[in-house]
file input.cif (mmCIF, N, CA and C atoms)
data_run
#
loop_
_atom_site.label_atom_id
_atom_site.label_comp_id
_atom_site.auth_asym_id
_atom_site.auth_seq_id
_atom_site.Cartn_x
_atom_site.Cartn_y
_atom_site.Cartn_z
N MET W 27 -11.75 7.38 -0.06
CA MET W 27 -10.45 6.88 -0.42
C MET W 27 -9.60 8.04 -0.95
N ASN W 28 -8.32 7.97 -0.70
CA ASN W 28 -7.41 9.00 -1.18
C ASN W 28 -7.02 8.70 -2.63
N HIS W 29 -7.84 9.16 -3.56
CA HIS W 29 -7.62 8.89 -4.98
C HIS W 29 -6.34 9.55 -5.48
N LYS W 30 -5.99 10.70 -4.92
CA LYS W 30 -4.77 11.39 -5.34
C LYS W 30 -3.54 10.54 -5.01
N LEU W 31 -3.51 9.95 -3.82
CA LEU W 31 -2.39 9.09 -3.44
C LEU W 31 -2.38 7.83 -4.29
N LEU W 32 -3.53 7.24 -4.52
CA LEU W 32 -3.61 6.05 -5.35
C LEU W 32 -3.08 6.35 -6.76
N GLN W 33 -3.49 7.45 -7.34
CA GLN W 33 -3.00 7.82 -8.67
C GLN W 33 -1.50 8.09 -8.66
N SER W 34 -1.00 8.67 -7.59
CA SER W 34 0.43 8.92 -7.47
C SER W 34 1.21 7.60 -7.45
N ILE W 35 0.70 6.62 -6.72
CA ILE W 35 1.35 5.30 -6.66
C ILE W 35 1.28 4.63 -8.03
N LEU W 36 0.13 4.68 -8.67
CA LEU W 36 -0.04 4.02 -9.96
C LEU W 36 0.77 4.69 -11.06
N SER W 37 1.01 5.98 -10.95
CA SER W 37 1.77 6.70 -11.98
C SER W 37 3.27 6.42 -11.91
N ALA W 38 3.75 5.96 -10.76
CA ALA W 38 5.18 5.64 -10.56
C ALA W 38 6.09 6.85 -10.68
N LYS W 39 5.55 8.04 -10.52
CA LYS W 39 6.36 9.25 -10.67
C LYS W 39 6.88 9.78 -9.35
N GLN W 40 6.29 9.35 -8.22
CA GLN W 40 6.71 9.88 -6.92
C GLN W 40 6.92 8.77 -5.91
N ASP W 41 7.49 7.66 -6.34
CA ASP W 41 7.66 6.52 -5.44
C ASP W 41 8.48 6.85 -4.20
N ASN W 42 9.39 7.79 -4.30
CA ASN W 42 10.22 8.13 -3.15
C ASN W 42 9.64 9.28 -2.33
N ASN W 43 8.38 9.64 -2.61
CA ASN W 43 7.78 10.78 -1.92
C ASN W 43 6.40 10.42 -1.33
N ILE W 44 6.25 9.18 -0.86
CA ILE W 44 4.98 8.72 -0.28
C ILE W 44 5.15 8.61 1.23
N LYS W 45 4.31 9.30 1.96
CA LYS W 45 4.38 9.24 3.43
C LYS W 45 3.87 7.89 3.92
N PHE W 46 4.57 7.34 4.90
CA PHE W 46 4.25 6.03 5.44
C PHE W 46 2.85 5.99 6.02
N LYS W 47 2.48 7.01 6.78
CA LYS W 47 1.16 7.01 7.41
C LYS W 47 0.05 7.07 6.35
N ASP W 48 0.28 7.80 5.27
CA ASP W 48 -0.71 7.86 4.19
C ASP W 48 -0.85 6.52 3.48
N LEU W 49 0.28 5.83 3.31
CA LEU W 49 0.26 4.51 2.67
C LEU W 49 -0.52 3.52 3.53
N ARG W 50 -0.31 3.56 4.84
CA ARG W 50 -1.05 2.67 5.75
C ARG W 50 -2.56 2.88 5.61
N ILE W 51 -2.97 4.13 5.60
CA ILE W 51 -4.40 4.45 5.49
C ILE W 51 -4.95 3.96 4.16
N LEU W 52 -4.21 4.18 3.07
CA LEU W 52 -4.67 3.75 1.76
C LEU W 52 -4.82 2.24 1.69
N LEU W 53 -3.85 1.50 2.22
CA LEU W 53 -3.95 0.04 2.19
C LEU W 53 -5.19 -0.44 2.93
N GLN W 54 -5.49 0.17 4.06
CA GLN W 54 -6.69 -0.20 4.81
C GLN W 54 -7.95 0.16 4.02
N GLN W 55 -7.94 1.29 3.34
CA GLN W 55 -9.09 1.69 2.53
C GLN W 55 -9.30 0.77 1.34
N LEU W 56 -8.21 0.16 0.87
CA LEU W 56 -8.31 -0.79 -0.24
C LEU W 56 -8.79 -2.16 0.21
N GLY W 57 -8.96 -2.35 1.53
CA GLY W 57 -9.51 -3.60 2.04
C GLY W 57 -8.51 -4.52 2.72
N PHE W 58 -7.27 -4.06 2.87
CA PHE W 58 -6.27 -4.89 3.54
C PHE W 58 -6.46 -4.84 5.05
N ASN W 59 -6.24 -5.97 5.69
CA ASN W 59 -6.20 -6.04 7.15
C ASN W 59 -4.78 -5.80 7.59
N GLU W 60 -4.62 -4.99 8.64
CA GLU W 60 -3.29 -4.63 9.14
C GLU W 60 -2.95 -5.42 10.39
N ARG W 61 -1.71 -5.93 10.42
CA ARG W 61 -1.16 -6.57 11.61
C ARG W 61 0.21 -5.96 11.83
N ILE W 62 0.52 -5.59 13.07
CA ILE W 62 1.80 -4.95 13.37
C ILE W 62 2.63 -5.88 14.22
N ASN W 63 3.89 -6.05 13.80
CA ASN W 63 4.85 -6.86 14.55
C ASN W 63 6.14 -6.07 14.62
N GLY W 64 6.35 -5.37 15.74
CA GLY W 64 7.51 -4.48 15.87
C GLY W 64 7.34 -3.31 14.92
N ASP W 65 8.35 -3.11 14.04
CA ASP W 65 8.23 -2.03 13.06
C ASP W 65 7.78 -2.55 11.69
N HIS W 66 7.31 -3.78 11.66
CA HIS W 66 6.78 -4.37 10.43
C HIS W 66 5.25 -4.26 10.44
N PHE W 67 4.73 -3.70 9.38
CA PHE W 67 3.30 -3.55 9.21
C PHE W 67 2.91 -4.50 8.09
N ILE W 68 2.11 -5.51 8.41
CA ILE W 68 1.80 -6.58 7.48
C ILE W 68 0.34 -6.46 7.05
N TYR W 69 0.14 -6.49 5.74
CA TYR W 69 -1.20 -6.30 5.17
C TYR W 69 -1.58 -7.51 4.35
N LYS W 70 -2.82 -7.93 4.50
CA LYS W 70 -3.32 -9.12 3.80
C LYS W 70 -4.80 -8.93 3.53
N ILE W 71 -5.22 -9.39 2.36
CA ILE W 71 -6.64 -9.50 2.03
C ILE W 71 -6.96 -10.98 2.02
N LYS W 72 -8.03 -11.36 2.64
CA LYS W 72 -8.36 -12.76 2.91
C LYS W 72 -8.16 -13.70 1.72
N HIS W 73 -8.64 -13.36 0.55
CA HIS W 73 -8.62 -14.30 -0.56
C HIS W 73 -7.46 -14.09 -1.53
N PHE W 74 -6.51 -13.23 -1.19
CA PHE W 74 -5.35 -12.99 -2.05
C PHE W 74 -4.13 -13.64 -1.43
N PRO W 75 -3.31 -14.31 -2.23
CA PRO W 75 -2.13 -14.98 -1.67
C PRO W 75 -1.03 -14.00 -1.25
N GLU W 76 -0.97 -12.83 -1.88
CA GLU W 76 0.09 -11.88 -1.55
C GLU W 76 -0.09 -11.27 -0.16
N ARG W 77 1.01 -11.08 0.47
CA ARG W 77 1.06 -10.39 1.76
C ARG W 77 2.02 -9.23 1.56
N ILE W 78 1.65 -8.06 2.03
CA ILE W 78 2.51 -6.88 1.91
C ILE W 78 3.09 -6.58 3.28
N ASN W 79 4.39 -6.44 3.32
CA ASN W 79 5.11 -6.15 4.56
C ASN W 79 5.86 -4.85 4.35
N ILE W 80 5.49 -3.80 5.09
CA ILE W 80 6.15 -2.51 4.93
C ILE W 80 6.76 -2.06 6.25
N GLN W 81 7.82 -1.28 6.13
CA GLN W 81 8.45 -0.67 7.29
C GLN W 81 8.69 0.80 6.95
N PRO W 82 8.61 1.66 7.95
CA PRO W 82 8.87 3.07 7.67
C PRO W 82 10.35 3.33 7.45
N ASP W 83 10.65 4.36 6.68
CA ASP W 83 11.99 4.89 6.51
C ASP W 83 11.90 6.34 6.96
N GLY W 84 12.05 6.55 8.27
CA GLY W 84 11.71 7.84 8.85
C GLY W 84 10.20 7.97 8.83
N ASN W 85 9.70 9.02 8.20
CA ASN W 85 8.24 9.15 8.07
C ASN W 85 7.75 8.83 6.65
N MET W 86 8.66 8.29 5.84
CA MET W 86 8.34 7.97 4.45
C MET W 86 8.26 6.45 4.26
N ALA W 87 7.59 6.05 3.19
CA ALA W 87 7.53 4.63 2.81
C ALA W 87 8.75 4.32 1.95
N LYS W 88 9.22 3.08 2.04
CA LYS W 88 10.37 2.67 1.24
C LYS W 88 9.96 2.53 -0.22
N THR W 89 10.81 3.03 -1.10
CA THR W 89 10.50 3.08 -2.53
C THR W 89 10.22 1.70 -3.11
N TYR W 90 11.01 0.71 -2.76
CA TYR W 90 10.81 -0.62 -3.35
C TYR W 90 9.50 -1.24 -2.89
N ARG W 91 9.01 -0.86 -1.73
CA ARG W 91 7.71 -1.35 -1.28
C ARG W 91 6.57 -0.69 -2.05
N ILE W 92 6.75 0.56 -2.43
CA ILE W 92 5.73 1.24 -3.25
C ILE W 92 5.58 0.49 -4.57
N ARG W 93 6.71 0.08 -5.17
CA ARG W 93 6.65 -0.68 -6.43
C ARG W 93 5.92 -2.01 -6.22
N GLN W 94 6.19 -2.67 -5.09
CA GLN W 94 5.52 -3.93 -4.78
C GLN W 94 4.01 -3.71 -4.65
N ILE W 95 3.62 -2.68 -3.93
CA ILE W 95 2.21 -2.37 -3.71
C ILE W 95 1.53 -2.02 -5.03
N ARG W 96 2.21 -1.27 -5.88
CA ARG W 96 1.64 -0.94 -7.20
C ARG W 96 1.34 -2.23 -7.98
N GLY W 97 2.25 -3.18 -7.93
CA GLY W 97 2.04 -4.45 -8.62
C GLY W 97 0.82 -5.19 -8.12
N VAL W 98 0.62 -5.20 -6.80
CA VAL W 98 -0.55 -5.88 -6.22
C VAL W 98 -1.84 -5.14 -6.59
N ILE W 99 -1.81 -3.81 -6.53
CA ILE W 99 -3.00 -3.02 -6.88
C ILE W 99 -3.40 -3.29 -8.33
N LEU W 100 -2.42 -3.31 -9.22
CA LEU W 100 -2.72 -3.55 -10.63
C LEU W 100 -3.15 -4.99 -10.88
N LYS W 101 -2.49 -5.93 -10.23
CA LYS W 101 -2.81 -7.35 -10.44
C LYS W 101 -4.26 -7.66 -10.08
N TYR W 102 -4.73 -7.09 -8.98
CA TYR W 102 -6.08 -7.38 -8.49
C TYR W 102 -7.08 -6.26 -8.78
N ASN W 103 -6.66 -5.24 -9.54
CA ASN W 103 -7.52 -4.12 -9.91
C ASN W 103 -8.16 -3.48 -8.67
N LEU W 104 -7.37 -3.24 -7.66
CA LEU W 104 -7.86 -2.63 -6.42
C LEU W 104 -8.00 -1.13 -6.61
N GLY W 105 -9.07 -0.59 -6.10
CA GLY W 105 -9.29 0.86 -6.18
C GLY W 105 -9.63 1.33 -7.57
N GLY W 106 -10.01 0.42 -8.45
CA GLY W 106 -10.28 0.76 -9.83
C GLY W 106 -11.64 1.36 -10.07
N ASN W 107 -12.51 1.35 -9.07
CA ASN W 107 -13.85 1.89 -9.20
C ASN W 107 -13.90 3.32 -8.77
N ASP W 108 -14.61 4.15 -9.52
CA ASP W 108 -14.83 5.53 -9.09
C ASP W 108 -15.83 5.60 -7.95
N ASP W 109 -16.52 4.49 -7.67
CA ASP W 109 -17.52 4.47 -6.62
C ASP W 109 -16.94 4.26 -5.24
N ASP W 110 -15.62 4.00 -5.12
CA ASP W 110 -14.98 3.72 -3.83
C ASP W 110 -14.99 4.94 -2.94
#
call {"tool": "encode", "arguments": {"input": "input.cif", "output": "structure tokens"}}
result
Amino acid sequence: MNHKLLQSILSAKQDNNIKFKDLRILLQQLGFNERINGDHFIYKIKHFPERINIQPDGNMAKTYRIRQIRGVILKYNLGGNDDD
């Protein structure tokens, strides 16, 4: 797992500097299933009600989506183990 990217998202210091492709990989590593519909990338974990829908902004992730993802990671304590 990309712990550096996860820490960057959790720190909220570089929300406007997260690459879209790196975010996609991290979400999959956290256990989300990816579904693509046009330019919408939809992520869901089976037993969680939240669904994450992201779109690229050039090659970067949209800042407000990073905040949304941080909320989900914290709410469900995703990636909180050093054993990942």
call {"tool": "closest_residue", "arguments": {"input": "input.cif", "among": "W:Arg96, W:Lys88, W:Lys30, W:Lys101", "to": "Lys45 of chain W", "atoms": "all atoms listed in the file"}}
result
W:Lys88
call {"tool": "atom_distance", "arguments": {"input": "input.cif", "atom1": "atom CA of Ala38 of chain W", "atom2": "atom CA of Leu104 of chain W"}}
result
16.0 Å
call {"tool": "resolve_selection", "arguments": {"input": "input.cif", "expression": "the PyMOL selection byres (((chain W and resi 67-78 and name CA) around 10) and name CA)", "output": "compact mmCIF listing (two decimals) with N, CA and C atoms, keeping the file's coordinate frame"}}
result
# COMPACT_ATOMS: atom_id res chain seq x y z
N ARG W 50 -0.31 3.56 4.84
CA ARG W 50 -1.05 2.67 5.75
C ARG W 50 -2.56 2.88 5.61
N LEU W 53 -3.85 1.50 2.22
CA LEU W 53 -3.95 0.04 2.19
C LEU W 53 -5.19 -0.44 2.93
N GLN W 54 -5.49 0.17 4.06
CA GLN W 54 -6.69 -0.20 4.81
C GLN W 54 -7.95 0.16 4.02
N LEU W 56 -8.21 0.16 0.87
CA LEU W 56 -8.31 -0.79 -0.24
C LEU W 56 -8.79 -2.16 0.21
N GLY W 57 -8.96 -2.35 1.53
CA GLY W 57 -9.51 -3.60 2.04
C GLY W 57 -8.51 -4.52 2.72
N PHE W 58 -7.27 -4.06 2.87
CA PHE W 58 -6.27 -4.89 3.54
C PHE W 58 -6.46 -4.84 5.05
N ASN W 59 -6.24 -5.97 5.69
CA ASN W 59 -6.20 -6.04 7.15
C ASN W 59 -4.78 -5.80 7.59
N GLU W 60 -4.62 -4.99 8.64
CA GLU W 60 -3.29 -4.63 9.14
C GLU W 60 -2.95 -5.42 10.39
N ARG W 61 -1.71 -5.93 10.42
CA ARG W 61 -1.16 -6.57 11.61
C ARG W 61 0.21 -5.96 11.83
N ILE W 62 0.52 -5.59 13.07
CA ILE W 62 1.80 -4.95 13.37
C ILE W 62 2.63 -5.88 14.22
N ASN W 63 3.89 -6.05 13.80
CA ASN W 63 4.85 -6.86 14.55
C ASN W 63 6.14 -6.07 14.62
N GLY W 64 6.35 -5.37 15.74
CA GLY W 64 7.51 -4.48 15.87
C GLY W 64 7.34 -3.31 14.92
N ASP W 65 8.35 -3.11 14.04
CA ASP W 65 8.23 -2.03 13.06
C ASP W 65 7.78 -2.55 11.69
N HIS W 66 7.31 -3.78 11.66
CA HIS W 66 6.78 -4.37 10.43
C HIS W 66 5.25 -4.26 10.44
N ASN W 79 4.39 -6.44 3.32
CA ASN W 79 5.11 -6.15 4.56
C ASN W 79 5.86 -4.85 4.35
N ILE W 80 5.49 -3.80 5.09
CA ILE W 80 6.15 -2.51 4.93
C ILE W 80 6.76 -2.06 6.25
N GLN W 81 7.82 -1.28 6.13
CA GLN W 81 8.45 -0.67 7.29
C GLN W 81 8.69 0.80 6.95
N PRO W 82 8.61 1.66 7.95
CA PRO W 82 8.87 3.07 7.67
C PRO W 82 10.35 3.33 7.45
N ARG W 91 9.01 -0.86 -1.73
CA ARG W 91 7.71 -1.35 -1.28
C ARG W 91 6.57 -0.69 -2.05
N GLN W 94 6.19 -2.67 -5.09
CA GLN W 94 5.52 -3.93 -4.78
C GLN W 94 4.01 -3.71 -4.65
N ILE W 95 3.62 -2.68 -3.93
CA ILE W 95 2.21 -2.37 -3.71
C ILE W 95 1.53 -2.02 -5.03
N VAL W 98 0.62 -5.20 -6.80
CA VAL W 98 -0.55 -5.88 -6.22
C VAL W 98 -1.84 -5.14 -6.59
N TYR W 102 -4.73 -7.09 -8.98
CA TYR W 102 -6.08 -7.38 -8.49
C TYR W 102 -7.08 -6.26 -8.78
call {"tool": "resolve_selection", "arguments": {"input": "input.cif", "expression": "the PyMOL selection byres (((chain W and resi 37 and name CA) around 12) and name CA)", "output": "list in words"}}
result
His29, Lys30, Leu31, Leu32, Gln33, Ser34, Ile35, Leu36, Ala38, Lys39, Gln40, Asp41, Ile92, Arg93, Arg96, Gly97, Ile99 and Leu100 of chain W
call {"tool": "select_by_dssp", "arguments": {"input": "input.cif", "residues": "chain W", "states": "strand (DSSP E)", "output": "list in words"}}
result
Asn59, Glu60, Arg61, Ile62, Asn63, His66, Phe67, Ile68, Tyr69, Lys70, Arg77, Ile78, Asn79, Ile80, Pro82, Asp83, Met86 and Ala87 of chain W
call {"tool": "atom_distance", "arguments": {"input": "input.cif", "atom1": "atom CA of Asn42 of chain W", "atom2": "atom C of Gly106 of chain W"}}
result
23.9 Å
call {"tool": "select_by_dssp", "arguments": {"input": "input.cif", "residues": "chain W", "states": "helix (DSSP H, G or I)", "output": "PyMOL selection string"}}
result
chain W and resi 29-37+41-43+46-55+89-102
call {"tool": "build_atoms", "arguments": {"input": "input.cif", "residues": "segment 75-86 of chain W", "atoms": "all heavy atoms", "output": "PDB file, in the coordinates of the input"}}
result
ATOM      1  N   PRO W  75      -3.310 -14.310  -2.230  1.00  0.00           N
ATOM      2  CA  PRO W  75      -2.130 -14.980  -1.670  1.00  0.00           C
ATOM      3  C   PRO W  75      -1.030 -14.000  -1.250  1.00  0.00           C
ATOM      4  O   PRO W  75      -0.240 -14.318  -0.363  1.00  0.00           O
ATOM      5  CB  PRO W  75      -1.653 -15.884  -2.807  1.00  0.00           C
ATOM      6  CG  PRO W  75      -2.188 -15.264  -4.046  1.00  0.00           C
ATOM      7  CD  PRO W  75      -3.480 -14.589  -3.645  1.00  0.00           C
ATOM      8  N   GLU W  76      -0.970 -12.830  -1.880  1.00  0.00           N
ATOM      9  CA  GLU W  76       0.090 -11.880  -1.550  1.00  0.00           C
ATOM     10  C   GLU W  76      -0.090 -11.270  -0.160  1.00  0.00           C
ATOM     11  O   GLU W  76      -1.200 -10.988   0.270  1.00  0.00           O
ATOM     12  CB  GLU W  76       0.161 -10.735  -2.566  1.00  0.00           C
ATOM     13  CG  GLU W  76       0.883 -11.103  -3.826  1.00  0.00           C
ATOM     14  CD  GLU W  76      -0.052 -11.679  -4.860  1.00  0.00           C
ATOM     15  OE1 GLU W  76      -1.225 -11.912  -4.528  1.00  0.00           O
ATOM     16  OE2 GLU W  76       0.387 -11.897  -5.992  1.00  0.00           O
ATOM     17  N   ARG W  77       1.010 -11.080   0.470  1.00  0.00           N
ATOM     18  CA  ARG W  77       1.060 -10.390   1.760  1.00  0.00           C
ATOM     19  C   ARG W  77       2.020  -9.230   1.560  1.00  0.00           C
ATOM     20  O   ARG W  77       3.081  -9.402   0.964  1.00  0.00           O
ATOM     21  CB  ARG W  77       1.592 -11.348   2.822  1.00  0.00           C
ATOM     22  CG  ARG W  77       1.486 -10.837   4.207  1.00  0.00           C
ATOM     23  CD  ARG W  77       1.894 -11.882   5.205  1.00  0.00           C
ATOM     24  NE  ARG W  77       0.962 -13.011   5.128  1.00  0.00           N
ATOM     25  CZ  ARG W  77       1.268 -14.248   5.463  1.00  0.00           C
ATOM     26  NH1 ARG W  77       2.470 -14.544   5.873  1.00  0.00           N
ATOM     27  NH2 ARG W  77       0.372 -15.200   5.385  1.00  0.00           N
ATOM     28  N   ILE W  78       1.650  -8.060   2.030  1.00  0.00           N
ATOM     29  CA  ILE W  78       2.510  -6.880   1.910  1.00  0.00           C
ATOM     30  C   ILE W  78       3.090  -6.580   3.280  1.00  0.00           C
ATOM     31  O   ILE W  78       2.371  -6.491   4.272  1.00  0.00           O
ATOM     32  CB  ILE W  78       1.702  -5.669   1.392  1.00  0.00           C
ATOM     33  CG1 ILE W  78       1.172  -5.962  -0.014  1.00  0.00           C
ATOM     34  CG2 ILE W  78       2.557  -4.422   1.404  1.00  0.00           C
ATOM     35  CD1 ILE W  78       0.227  -4.919  -0.540  1.00  0.00           C
ATOM     36  N   ASN W  79       4.390  -6.440   3.320  1.00  0.00           N
ATOM     37  CA  ASN W  79       5.110  -6.150   4.560  1.00  0.00           C
ATOM     38  C   ASN W  79       5.860  -4.850   4.350  1.00  0.00           C
ATOM     39  O   ASN W  79       6.752  -4.770   3.506  1.00  0.00           O
ATOM     40  CB  ASN W  79       6.071  -7.307   4.857  1.00  0.00           C
ATOM     41  CG  ASN W  79       6.839  -7.123   6.137  1.00  0.00           C
ATOM     42  OD1 ASN W  79       6.759  -6.097   6.791  1.00  0.00           O
ATOM     43  ND2 ASN W  79       7.608  -8.122   6.487  1.00  0.00           N
ATOM     44  N   ILE W  80       5.490  -3.800   5.090  1.00  0.00           N
ATOM     45  CA  ILE W  80       6.150  -2.510   4.930  1.00  0.00           C
ATOM     46  C   ILE W  80       6.760  -2.060   6.250  1.00  0.00           C
ATOM     47  O   ILE W  80       6.295  -2.448   7.322  1.00  0.00           O
ATOM     48  CB  ILE W  80       5.196  -1.426   4.377  1.00  0.00           C
ATOM     49  CG1 ILE W  80       4.011  -1.183   5.319  1.00  0.00           C
ATOM     50  CG2 ILE W  80       4.696  -1.806   2.982  1.00  0.00           C
ATOM     51  CD1 ILE W  80       3.109  -0.033   4.894  1.00  0.00           C
ATOM     52  N   GLN W  81       7.820  -1.280   6.130  1.00  0.00           N
ATOM     53  CA  GLN W  81       8.450  -0.670   7.290  1.00  0.00           C
ATOM     54  C   GLN W  81       8.690   0.800   6.950  1.00  0.00           C
ATOM     55  O   GLN W  81       8.964   1.127   5.801  1.00  0.00           O
ATOM     56  CB  GLN W  81       9.809  -1.318   7.615  1.00  0.00           C
ATOM     57  CG  GLN W  81       9.811  -2.806   7.777  1.00  0.00           C
ATOM     58  CD  GLN W  81       9.947  -3.530   6.454  1.00  0.00           C
ATOM     59  OE1 GLN W  81      10.563  -3.053   5.530  1.00  0.00           O
ATOM     60  NE2 GLN W  81       9.336  -4.691   6.362  1.00  0.00           N
ATOM     61  N   PRO W  82       8.610   1.660   7.950  1.00  0.00           N
ATOM     62  CA  PRO W  82       8.870   3.070   7.670  1.00  0.00           C
ATOM     63  C   PRO W  82      10.350   3.330   7.450  1.00  0.00           C
ATOM     64  O   PRO W  82      11.215   2.615   7.956  1.00  0.00           O
ATOM     65  CB  PRO W  82       8.366   3.773   8.935  1.00  0.00           C
ATOM     66  CG  PRO W  82       8.462   2.748  10.006  1.00  0.00           C
ATOM     67  CD  PRO W  82       8.242   1.423   9.342  1.00  0.00           C
ATOM     68  N   ASP W  83      10.650   4.360   6.680  1.00  0.00           N
ATOM     69  CA  ASP W  83      11.990   4.890   6.510  1.00  0.00           C
ATOM     70  C   ASP W  83      11.900   6.340   6.960  1.00  0.00           C
ATOM     71  O   ASP W  83      11.623   7.229   6.168  1.00  0.00           O
ATOM     72  CB  ASP W  83      12.409   4.776   5.048  1.00  0.00           C
ATOM     73  CG  ASP W  83      13.855   5.175   4.818  1.00  0.00           C
ATOM     74  OD1 ASP W  83      14.590   5.354   5.810  1.00  0.00           O
ATOM     75  OD2 ASP W  83      14.250   5.297   3.644  1.00  0.00           O
ATOM     76  N   GLY W  84      12.050   6.550   8.270  1.00  0.00           N
ATOM     77  CA  GLY W  84      11.710   7.840   8.850  1.00  0.00           C
ATOM     78  C   GLY W  84      10.200   7.970   8.830  1.00  0.00           C
ATOM     79  O   GLY W  84       9.493   7.084   9.311  1.00  0.00           O
ATOM     80  N   ASN W  85       9.700   9.020   8.200  1.00  0.00           N
ATOM     81  CA  ASN W  85       8.240   9.150   8.070  1.00  0.00           C
ATOM     82  C   ASN W  85       7.750   8.830   6.650  1.00  0.00           C
ATOM     83  O   ASN W  85       6.599   9.044   6.317  1.00  0.00           O
ATOM     84  CB  ASN W  85       7.769  10.549   8.499  1.00  0.00           C
ATOM     85  CG  ASN W  85       8.243  11.637   7.568  1.00  0.00           C
ATOM     86  OD1 ASN W  85       9.166  11.437   6.785  1.00  0.00           O
ATOM     87  ND2 ASN W  85       7.625  12.793   7.659  1.00  0.00           N
ATOM     88  N   MET W  86       8.660   8.290   5.840  1.00  0.00           N
ATOM     89  CA  MET W  86       8.340   7.970   4.450  1.00  0.00           C
ATOM     90  C   MET W  86       8.260   6.450   4.260  1.00  0.00           C
ATOM     91  O   MET W  86       8.791   5.684   5.054  1.00  0.00           O
ATOM     92  CB  MET W  86       9.408   8.538   3.505  1.00  0.00           C
ATOM     93  CG  MET W  86       9.617  10.040   3.644  1.00  0.00           C
ATOM     94  SD  MET W  86       8.120  11.004   3.402  1.00  0.00           S
ATOM     95  CE  MET W  86       8.025  11.005   1.634  1.00  0.00           C
TER      96      MET W  86
END
